[in-house]
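Below is upload.csv, which holds CSV, C-alpha atoms and all ligand atoms.
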chain,number,residue,atom,x,y,z
A,3,MET,CA,-102.2,-3.4,-4.4
A,4,GLU,CA,-104.3,-0.5,-5.6
A,5,THR,CA,-102.7,2.9,-5.4
A,6,PHE,CA,-104.5,6.3,-5.5
A,7,VAL,CA,-102.9,9.6,-6.3
A,8,CYS,CA,-104.2,13.1,-5.3
A,9,LYS,CA,-104.7,15.1,-8.4
A,10,LYS,CA,-104.0,18.3,-6.5
A,11,CYS,CA,-100.6,17.5,-4.9
A,12,GLY,CA,-99.5,14.0,-6.0
A,13,PHE,CA,-99.7,12.4,-2.6
A,14,LEU,CA,-100.0,8.6,-3.0
A,15,ALA,CA,-102.4,6.5,-0.9
A,16,PHE,CA,-102.4,2.7,-0.7
A,17,LEU,CA,-105.5,0.5,-0.7
A,18,GLU,CA,-108.1,3.3,-0.8
A,19,ALA,CA,-108.4,7.0,-1.2
A,20,PRO,CA,-108.5,8.9,2.1
A,21,VAL,CA,-111.4,11.1,3.1
A,22,PHE,CA,-109.1,14.1,2.8
A,23,CYS,CA,-105.5,14.2,1.5
A,24,PRO,CA,-103.2,14.4,4.5
A,25,ILE,CA,-100.9,16.7,2.6
A,26,CYS,CA,-103.1,19.2,0.9
A,27,GLY,CA,-106.5,18.6,2.3
A,28,ALA,CA,-108.2,17.7,-1.1
A,29,PRO,CA,-111.3,15.6,-0.7
A,30,LYS,CA,-111.6,11.9,-1.7
A,31,GLU,CA,-113.1,12.8,-5.1
A,32,GLN,CA,-109.8,14.4,-6.1
A,33,PHE,CA,-108.0,11.0,-5.9
A,34,VAL,CA,-107.6,8.8,-9.0
A,35,SER,CA,-106.6,5.1,-9.1
A,36,ASP,CA,-103.2,4.9,-10.8
A,37,PRO,CA,-101.7,1.4,-11.1
A,38,ASN,CA,-98.5,2.9,-12.6
A,39,ALA,CA,-97.9,5.6,-9.9
A,40,ILE,CA,-94.9,3.7,-8.5
A,41,LYS,CA,-91.9,2.8,-10.6
A,42,LYS,CA,-90.8,-0.8,-10.4
A,43,PRO,CA,-87.4,-2.3,-11.3
A,44,ALA,CA,-87.5,-4.3,-14.5
A,45,ASP,CA,-85.5,-7.1,-12.8
A,46,PRO,CA,-85.3,-6.8,-9.0
A,47,LYS,CA,-82.3,-9.2,-8.9
A,48,ASN,CA,-80.3,-7.1,-11.4
A,49,LEU,CA,-80.9,-3.4,-10.8
A,50,THR,CA,-79.9,-0.8,-13.3
A,51,GLU,CA,-77.9,2.2,-12.1
A,52,LEU,CA,-81.0,4.4,-12.3
A,53,GLU,CA,-82.9,2.0,-10.2
A,54,LYS,CA,-80.0,1.8,-7.6
A,55,LYS,CA,-80.2,5.6,-7.4
A,56,HIS,CA,-83.9,5.7,-6.6
A,57,ILE,CA,-85.0,2.7,-4.6
A,58,PRO,CA,-84.8,3.7,-0.9
A,59,VAL,CA,-82.4,1.9,1.4
A,60,VAL,CA,-84.1,1.4,4.8
A,61,GLN,CA,-82.3,0.7,8.0
A,62,ILE,CA,-84.2,-0.2,11.2
A,63,ASN,CA,-82.7,-0.1,14.7
A,64,LYS,CA,-84.8,-1.3,17.5
A,65,GLN,CA,-82.3,0.1,20.1
A,66,CYS,CA,-83.1,3.8,19.8
A,67,GLY,CA,-80.3,5.8,21.5
A,68,LEU,CA,-82.3,9.0,21.6
A,69,ILE,CA,-85.8,8.1,22.9
A,70,GLY,CA,-84.9,4.8,24.5
A,71,PRO,CA,-86.9,1.5,25.0
A,72,GLY,CA,-90.0,1.0,22.9
A,73,CYS,CA,-88.8,3.4,20.1
A,74,VAL,CA,-87.8,2.0,16.7
A,75,ASP,CA,-85.4,4.1,14.7
A,76,VAL,CA,-85.8,4.2,10.9
A,77,ASN,CA,-83.2,5.6,8.7
A,78,VAL,CA,-83.6,6.0,5.0
A,79,LYS,CA,-81.2,6.9,2.2
A,80,VAL,CA,-82.0,7.3,-1.5
A,81,GLY,CA,-80.6,5.0,-2.8
A,82,GLU,CA,-78.0,2.3,-2.8
A,83,ILE,CA,-76.0,4.7,-5.1
A,84,MET,CA,-76.8,8.0,-3.5
A,85,HIS,CA,-79.1,10.2,-5.5
A,86,VAL,CA,-78.1,13.8,-6.4
A,87,MET,CA,-79.6,16.8,-4.6
A,88,GLU,CA,-79.4,19.7,-7.1
A,89,GLN,CA,-81.8,22.5,-8.0
A,90,LYS,CA,-82.8,20.7,-11.2
A,91,HIS,CA,-82.8,17.1,-10.0
A,92,TRP,CA,-83.7,16.2,-6.4
A,93,ILE,CA,-85.7,14.1,-4.0
A,94,ILE,CA,-88.8,16.2,-3.4
A,95,TYR,CA,-90.0,14.1,-0.4
A,96,ILE,CA,-89.8,10.8,1.4
A,97,ASP,CA,-93.1,9.5,2.7
A,98,PHE,CA,-93.4,6.9,5.4
A,99,TYR,CA,-96.4,4.5,5.8
A,100,HIS,CA,-97.2,2.0,8.5
A,101,ASN,CA,-99.4,-0.9,7.4
A,102,TYR,CA,-100.0,1.2,4.3
A,103,GLN,CA,-101.3,4.2,6.3
A,104,PHE,CA,-99.4,7.5,5.8
A,105,ILE,CA,-97.6,8.5,9.0
A,106,ALA,CA,-94.9,11.1,8.1
A,107,ARG,CA,-93.3,13.1,5.3
A,108,PHE,CA,-89.7,14.4,5.1
A,109,THR,CA,-89.0,17.2,2.6
A,110,PRO,CA,-85.3,17.7,2.2
A,111,LYS,CA,-84.0,21.0,0.6
A,112,PRO,CA,-81.6,20.1,-2.2
A,113,GLU,CA,-79.0,22.8,-1.4
A,114,SER,CA,-78.5,21.7,2.2
A,115,VAL,CA,-79.7,18.1,2.9
A,116,TYR,CA,-78.7,14.7,1.7
A,117,PRO,CA,-81.4,12.5,0.2
A,118,ALA,CA,-81.9,10.8,3.5
A,119,GLY,CA,-84.0,11.1,6.6
A,120,GLY,CA,-85.2,9.3,9.7
A,121,ILE,CA,-88.2,8.9,12.0
A,122,HIS,CA,-88.8,7.4,15.4
A,123,LEU,CA,-91.6,4.8,15.5
A,124,LYS,CA,-93.9,4.2,18.4
A,125,VAL,CA,-94.8,0.8,16.9
A,126,SER,CA,-92.5,-2.3,16.8
A,127,SER,CA,-94.4,-4.5,14.4
A,128,GLY,CA,-96.2,-4.3,11.1
A,129,LYS,CA,-95.1,-3.3,7.7
A,130,LEU,CA,-93.1,-0.1,6.9
A,131,THR,CA,-93.3,1.3,3.4
A,132,VAL,CA,-90.9,4.1,2.4
A,133,LEU,CA,-91.8,6.1,-0.7
A,134,GLU,CA,-89.5,8.6,-2.3
A,135,ASN,CA,-90.4,11.0,-5.1
A,136,CYS,CA,-87.7,12.3,-7.5
A,137,ASN,CA,-88.7,15.4,-9.5
A,138,LEU,CA,-87.5,13.7,-12.7
A,139,HIS,CA,-87.9,10.0,-12.2
A,140,GLY,CA,-91.0,9.6,-10.1
A,141,ARG,CA,-92.0,7.5,-7.1
A,142,TRP,CA,-90.0,4.5,-5.8
A,143,VAL,CA,-90.7,2.4,-2.8
A,144,SER,CA,-89.1,0.0,-0.3
A,145,GLU,CA,-90.9,-2.2,2.2
A,146,VAL,CA,-89.7,-3.9,5.4
A,147,ASP,CA,-91.5,-6.0,8.0
A,148,ILE,CA,-90.6,-4.3,11.3
A,149,TYR,CA,-91.1,-7.3,13.4
A,150,THR,CA,-88.6,-9.4,11.5
A,151,VAL,CA,-85.8,-6.9,12.2
A,152,GLU,CA,-83.5,-7.5,15.2
B,1,FE,FE,-83.8,11.0,-10.1

Using structure tokens, write down the structure that the file contains.
Amino acid sequence: METFVCKKCGFLAFLEAPVFCPICGAPKEQFVSDPNAIKKPADPKNLTELEKKHIPVVQINKQCGLIGPGCVDVNVKVGEIMHVMEQKHWIIYIDFYHNYQFIARFTPKPESVYPAGGIHLKVSSGKLTVLENCNLHGRWVSEVDIYTVE
């Protein structure tokens, strides 16, 4: 799948460049196609320690205890081995996409927040993509099909 990166702020768009960057407002012309914008594990069945620290772990709960029926809880942690959150090495942001369209960004401060976050979805089907950006190790993603989750 083609990925486009905003030259101004680094936001990543799937499939096509947006008219304006949803993060910094830069116009479409500021986006460049970058097939290597997302890091991928060398062997998905045998992850290295670095890969385990960066690939987001996604939990979906269709029984939201806060908003109630119709709401789908999404919780994310970076990663299977939790990533550090330090001034020199941290998760800058976690972006959420529904059917490859950007829907939300979480920006944890390293001194006070774990590399984890959650959102409440109004949709109960489709594909959810979670992208995290580590200041030293780049962008990593996980994807889940919401409808297949009980
Ligand atoms: Fe990292």

Sorted by chain and rising residue number, list the residues of chain A at most 6 Å from ligand FE 1 (chain B) (counting all atoms listed in the file), each with its closest atom pair and distance in Å to one decimal, as a tab-separated table.
residue	atom	partner	partner_atom	distance
A:Cys136	CA	B:FE1	FE	4.9
A:Leu138	CA	B:FE1	FE	5.3
A:His139	CA	B:FE1	FE	4.7

Please report the interatomic distance between CA of Val132 (chain A) and CA of Phe22 (chain A) in Å with one decimal.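 Between CA of Val132 (chain A) and CA of Phe22 (chain A) the gap works out to 20.8 Å.
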
Name the residues in contact with His85 (chain A) at a cut-off of 12 Å, using only C-alpha atoms, excluding same-chain residues fewer than 4 positions from it; report them as a VMD selection string. chain A and resid 51 to 59 79 to 81 91 to 94 112 115 to 118 134 to 139

Counting all atoms listed in the file, the residue of A:Val143, A:Cys8, A:Met3, A:Ile105 that sits nearest Lys124 (chain A):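 Closest candidate: A:Ile105.
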
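Put simply, CA of Pro37 (chain A) is 20.3 Å away from CA of Tyr95 (chain A).
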
Determine the nearest neighbour of Cys26 (chain A) from the options A:Tyr102, A:Asn77, A:Ala39, A:Cys11, counting only C-alpha atoms.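 Checking each candidate against Cys26 (chain A), we get A:Cys11 as the closest.
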
So, with all atoms listed in the file as the atoms that count, which of A:Ile121, A:Leu133, A:Val7, A:Ile148 lies closest to Ile69 (chain A)? A:Ile121

Name all residues at most 10 Å from Cys23 (chain A) (count all atoms listed in the file; drop same-chain ones fewer than 2 positions away) and give them as a list in words. Val7, Cys8, Lys9, Lys10, Cys11, Gly12, Phe13, Leu14, Ala15, Ala19, Pro20, Val21, Ile25, Cys26, Gly27, Ala28, Pro29, Lys30, Gln32 and Phe33 of chain A

Point out the residue among A:Val34, A:Ile96, A:Val74, A:Ile62 with the least atom-to-atom distance to Phe16 (chain A), counting all atoms listed in the file.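 Distance minimum relative to Phe16 (chain A) lands on A:Val34.
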